[in-house]
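Engineer: Have a look at the structure that comes next, please.
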Amino acid sequence: MKPLLALRWALLATLVALLGACATVPPGGTGNTAAAGAAPAAAVAIDPWESFNRKVYAFNDMIDEAVLKPVATAYRDVVPQIVRTGVNNVLGNIGDIWSAANHLLQGKLQDGLEMGMRVATNTFFGLGGLLDPATGLGLTRRSEDFGQTLGRWGVGTGPYLVLPFLGPSTVRDSAGLVVDRSANSSILPLSSNEQYGVSALELLSVRAGLLGATQLLDQVALDRYSFLRDAYLARRRDAVYDGAAPMEVFEDDAAEPPAKPVPASAPASAPK
Amino acid sequence: MFKPLLTAMTVVSAVLASPAALAEAAPDALVRQISVEVIDAAKADKAIQAGDVGRVLGLVETKVMPHVNFEVVTRSAVGVPWRTATPEQRSKLQTEFKTLLVRVYAGALSQLGDQTVTVTKTQPVAGSTQMVVQTEVRGKGEPIKLDYRLDKAAADPAWKIIDVNVGGLWLVQNYRSQFAPELSKGGIDGLIATLVERNKTAAK
């Protein structure tokens with residue numbers, strides 16, 4: 001049966017992920033593995049499987065161009081906004097349950113409770129999640145997945161990994177994804193066929209939401225692969241730190257020496 | 001009897017206070033002001049919402065650019081090879097890079113709906129004169145993080161933006177790894193050619 005096979009894959013992936021994480025991550029944790037703004041050398045360190053990843057990326061791109069993007073575009077153009085928002089809300093509400101759990105797993109009691117309140121509000125006052133009255137009440141969605149939880153627990157990202165069909169990930173986040181999927185499928189009591197349907201709808205909904213973003217990527221990136229990689233890694237790093245990641249250095253190594261030093265007259269504006 | 005005096009005093013103090021306040025506007029106040037102005041202008045402009053790059057360019061030029069140190073932006077993205085670039089090459093790089101970045105901005109602005117921007121935190125960057133102002137753009141979905149890195153040049157007392165962080169990614173710094181392969185392949189002129197090409201295809 002398929003679920004059993006999936007479970008076996010899940011275990012295998014988790015095992016590989018943990019091995020990968022142990023082998024590649026320095027004791028410092030996730031801090032220095034992010035490639036955002038880093039020199040190209042650092043990008044290579046985080047992406048040792050680049051040639052493989054580029055192939056998967058090209059494959060995904062092909063699938064996306066041929067199937068996913070046209071379908072998502074049609075979905076956006078044909079299905080009325082109100083229905084798409086409803087679909088988004090219902091899927092989001094289910095996702096919020098697992099987000100709440102992840103907040104709690106990370107020891108963030110208040111965030112966990114707020115997300116729990118959010119789910120309760122939207123389920124009972126938002127027609128089972130179809131509407132989103134909670135946002136208006138200040139219960140903002142703060143998504144958390146198991147990859148973030150692992151990061152919070154100190155598991156490093158491991159190398160960057162482009163997954164077939166699913167796109168940018170890392171070894172850690174792939175392991176997290178396996179847990180996310182099985183958690184989400186246990187929230188909804190569905191047969192595996194129905195589960196595939198929900199997953200497909202989810203993918204479609206996410207892809208439709210990203211139509212603007214991918215068009216932008218085409219226009220601004222000199223190399224889409226590395227742009228997407230760096231953006232993904234930076235976003236995940238930021239998410240693990242809940243938006244308060246340690247400040248990165250602003251590399252300005254071409255500044256003329258006399259232009260840069262802090263003048264003695266300028267007061268150092270760093271109240272410590 | 002007191003009124004004229006009071007008025008005169010108010011006028012004098014306002015005149016005295018405003019240029020100073022403008023020149024040394026705190027980084028967070030500056031970011032707040034720019035955000036509000038840009039969002040209001042974008043909301044009121046149908047052409048911008050339709051993604052009209054020309055219009056966005058105008059908006060950015062008047063509202064944002066005066067507060068950006070674009071030389072530092074370009075120089076830091078190019079890195080060491082900047083030192084050997086001629087003044088013409090430097091100005092060409094700046095023009096093309098600006099066009100590219102404005103496109104990012106145009107895309108983001110066209111997706112603006114009913115959003116509000118709140119400054120969530122302002123903090124100095126250790127070991128530098130820089131400040132980072134963090135904002136959150138709140139709308140329908142999950143809030144978007146938008147941070148600004150500002151610095152003061154030695155010659156200019158005003159704070160200038162030198163990098164923007166969208167959803168965790170420092171945009172200008174990220175271009176270092178975009179530019180590096182081009183620079184090692186074709187040098188400064190190679191990079192300029194690539195940027196021109198990219199801007200041309202994107203304009204279609």
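A note on labels: chains of the structure tokens are A, B, ... as shown, every chain counts residues from 1, and ligands are counted from 1 in their shown order.
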Please produce, as CSV, a per-residue contact table for chain B versus chain A (criterion: any atom at most 6 Å away, only C-alpha atoms considered), showing the nearest atom pair and its distance in Å to one decimal, sorted by chain then residue number.
Structural biologist:
```
residue,atom,partner,partner_atom,distance
B:Ser76,CA,A:Asp252,CA,4.3
B:Gly79,CA,A:Ala254,CA,5.2
B:Val80,CA,A:Ala254,CA,4.6
B:Trp82,CA,A:Ala254,CA,6.0
B:Arg83,CA,A:Ala254,CA,5.9
B:Pro124,CA,A:Ala270,CA,5.8
B:Glu142,CA,A:Arg141,CA,5.6
B:Gly167,CA,A:Arg235,CA,5.7
B:Gly168,CA,A:Arg235,CA,4.6
B:Leu169,CA,A:Ala234,CA,5.2
B:Gln173,CA,A:Gly37,CA,4.5
B:Asn174,CA,A:Gly37,CA,4.6
B:Ser177,CA,A:Pro40,CA,5.3
B:Ala202,CA,A:Gln219,CA,5.2
```
Engineer: Residues near Gly51 in chain B, anyone? I mean within 10 Å using only C-alpha atoms, not counting same-chain ones fewer than 2 positions away, as an MDAnalysis selection string.
Structural biologist: chainID B and resid 46:49 53:56 103 105:111
Engineer: Just the strand (DSSP E or B) stuff from range 2-159 of chain B, please, per backbone DSSP, written as a count of residues only.
Structural biologist: 28
Engineer: Let's see if you can do this: from backbone DSSP, list all helix (DSSP H, G or I) residues in range 70-271 of chain A, as an NGL selection string.
Structural biologist: :A and (70-78 or 81-105 or 109-125 or 133-136 or 146-152 or 171-187 or 192-209 or 211-220 or 224-240 or 257-259)
Engineer: Kindly export the residues of the current selection with C-alpha atoms, as a compact mmCIF listing (two decimals), in the first residue's frame.
Structural biologist:
```txt
# COMPACT_ATOMS: atom_id res chain seq x y z
CA PRO A 70 -0.60 27.19 -17.04
CA VAL A 71 -2.97 25.40 -14.65
CA ALA A 72 -2.28 27.90 -11.87
CA THR A 73 -2.79 30.80 -14.27
CA ALA A 74 -6.09 29.33 -15.44
CA TYR A 75 -7.09 28.78 -11.82
CA ARG A 76 -6.33 32.42 -11.07
CA ASP A 77 -8.17 33.72 -14.13
CA VAL A 78 -11.20 31.42 -14.06
CA GLN A 81 -11.21 35.68 -6.14
CA ILE A 82 -13.72 34.97 -3.38
CA VAL A 83 -13.52 31.21 -3.99
CA ARG A 84 -9.73 31.27 -4.16
CA THR A 85 -9.60 33.18 -0.90
CA GLY A 86 -11.95 30.62 0.64
CA VAL A 87 -9.76 27.75 -0.54
CA ASN A 88 -6.73 29.54 0.81
CA ASN A 89 -8.41 30.14 4.15
CA VAL A 90 -9.55 26.57 4.63
CA LEU A 91 -6.14 25.14 3.73
CA GLY A 92 -4.47 27.81 5.82
CA ASN A 93 -6.65 27.03 8.80
CA ILE A 94 -5.66 23.37 8.66
CA GLY A 95 -2.03 24.43 8.34
CA ASP A 96 -2.40 26.74 11.34
CA ILE A 97 -3.10 23.77 13.62
CA TRP A 98 0.30 22.32 12.82
CA SER A 99 1.87 25.79 13.09
CA ALA A 100 0.46 26.10 16.60
CA ALA A 101 1.94 22.72 17.49
CA ASN A 102 5.32 23.80 16.13
CA HIS A 103 5.28 27.02 18.14
CA LEU A 104 4.70 24.90 21.23
CA LEU A 105 7.44 22.45 20.23
CA LEU A 109 3.92 29.26 24.55
CA GLN A 110 2.29 32.58 23.75
CA ASP A 111 2.64 32.23 19.96
CA GLY A 112 1.35 28.68 20.20
CA LEU A 113 -1.69 29.74 22.18
CA GLU A 114 -2.37 32.64 19.82
CA MET A 115 -2.24 30.38 16.80
CA GLY A 116 -4.52 27.96 18.65
CA MET A 117 -6.95 30.81 19.34
CA ARG A 118 -6.71 31.71 15.69
CA VAL A 119 -7.74 28.23 14.60
CA ALA A 120 -10.58 28.14 17.13
CA THR A 121 -11.84 31.57 16.05
CA ASN A 122 -11.73 30.79 12.36
CA THR A 123 -13.24 27.33 12.78
CA PHE A 124 -16.18 28.43 14.91
CA PHE A 125 -16.80 31.99 13.76
CA PRO A 133 -12.13 36.77 11.13
CA ALA A 134 -9.11 36.08 13.37
CA THR A 135 -6.74 38.31 11.36
CA GLY A 136 -9.06 41.24 11.91
CA PHE A 146 8.86 21.30 11.40
CA GLY A 147 11.96 22.37 9.48
CA GLN A 148 11.89 25.61 11.45
CA THR A 149 11.39 23.69 14.67
CA LEU A 150 14.43 21.55 13.88
CA GLY A 151 16.37 24.74 13.21
CA ARG A 152 15.25 26.15 16.51
CA VAL A 171 18.38 18.42 3.88
CA ARG A 172 16.90 19.60 7.18
CA ASP A 173 13.82 21.13 5.62
CA SER A 174 13.22 18.02 3.53
CA ALA A 175 13.17 15.95 6.70
CA GLY A 176 10.86 18.55 8.22
CA LEU A 177 8.60 18.35 5.20
CA VAL A 178 8.15 14.60 5.64
CA VAL A 179 6.96 15.21 9.20
CA ASP A 180 4.78 18.13 8.09
CA ARG A 181 3.06 16.01 5.46
CA SER A 182 2.27 13.15 7.79
CA ALA A 183 1.12 15.54 10.52
CA ASN A 184 -1.18 17.36 8.14
CA SER A 185 -2.64 14.14 6.81
CA SER A 186 -3.37 12.96 10.34
CA ILE A 187 -5.23 16.22 11.06
CA SER A 192 -5.12 8.57 0.60
CA ASN A 193 -6.84 9.49 -2.67
CA GLU A 194 -8.58 12.43 -1.04
CA GLN A 195 -5.30 13.36 0.54
CA TYR A 196 -3.68 13.57 -2.89
CA GLY A 197 -6.55 15.79 -4.00
CA VAL A 198 -5.98 18.15 -1.07
CA SER A 199 -2.25 18.21 -1.75
CA ALA A 200 -2.85 19.02 -5.41
CA LEU A 201 -5.20 21.84 -4.51
CA GLU A 202 -2.68 23.11 -2.00
CA LEU A 203 0.08 23.10 -4.60
CA LEU A 204 -2.18 24.89 -7.07
CA SER A 205 -3.19 27.50 -4.56
CA VAL A 206 0.41 28.19 -3.56
CA ARG A 207 1.58 28.31 -7.17
CA ALA A 208 -1.21 30.72 -8.12
CA GLY A 209 -0.15 32.96 -5.27
CA LEU A 211 2.64 33.84 -10.18
CA GLY A 212 3.68 37.44 -9.61
CA ALA A 213 6.82 36.43 -7.75
CA THR A 214 8.14 34.06 -10.42
CA GLN A 215 7.56 36.63 -13.12
CA LEU A 216 9.60 39.02 -11.03
CA LEU A 217 12.36 36.43 -10.65
CA ASP A 218 12.58 36.16 -14.44
CA GLN A 219 13.13 39.87 -14.69
CA VAL A 220 15.57 40.62 -11.90
CA ARG A 224 17.62 32.41 -11.55
CA TYR A 225 18.95 29.26 -9.93
CA SER A 226 21.31 31.01 -7.53
CA PHE A 227 18.93 33.90 -6.92
CA LEU A 228 16.19 31.50 -5.86
CA ARG A 229 18.63 29.49 -3.77
CA ASP A 230 19.94 32.51 -1.90
CA ALA A 231 16.45 33.89 -1.40
CA TYR A 232 15.22 30.55 -0.08
CA LEU A 233 18.12 30.11 2.34
CA ALA A 234 17.82 33.68 3.59
CA ARG A 235 14.08 33.38 4.13
CA ARG A 236 14.46 30.10 6.02
CA ARG A 237 17.23 31.48 8.18
CA ASP A 238 15.09 34.48 8.98
CA ALA A 239 12.11 32.25 9.74
CA VAL A 240 14.09 30.10 12.17
CA PRO A 257 39.90 53.85 2.40
CA PRO A 258 39.56 57.59 3.13
CA ALA A 259 35.83 57.57 2.43
```
Engineer: Name all residues at most 10 Å from Gln94 in chain B (count only C-alpha atoms; drop same-chain ones fewer than 3 positions away) and give them as a short mmCIF file (atom, residue, chain, number, x, y, z; two decimals) with C-alpha atoms, in the first residue's frame.
Structural biologist:
```
data_model
loop_
_atom_site.label_atom_id
_atom_site.label_comp_id
_atom_site.auth_asym_id
_atom_site.auth_seq_id
_atom_site.Cartn_x
_atom_site.Cartn_y
_atom_site.Cartn_z
CA PHE B 70 23.12 54.57 -4.90
CA GLU B 71 26.85 54.78 -5.27
CA VAL B 72 27.35 52.72 -2.13
CA VAL B 73 24.61 50.34 -3.28
CA THR B 74 26.27 49.67 -6.63
CA ARG B 75 29.81 49.69 -5.29
CA GLU B 88 31.93 56.14 -17.17
CA GLN B 89 31.70 52.48 -16.28
CA ARG B 90 30.65 53.36 -12.76
CA SER B 91 27.87 55.65 -13.87
CA PHE B 97 21.44 48.50 -11.72
CA LYS B 98 18.95 51.16 -10.75
CA THR B 99 16.66 50.18 -13.62
CA LEU B 100 16.89 46.56 -12.52
CA ILE B 192 27.30 46.11 -17.93
#
```
Engineer: So the first atom is CA of Leu190 in chain A and the second is CA of Ala66 in chain A; what is the distance between them in Å, to one decimal place?
Structural biologist: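 So the two atoms, CA of Leu190 in chain A and CA of Ala66 in chain A, lie 29.6 Å apart.
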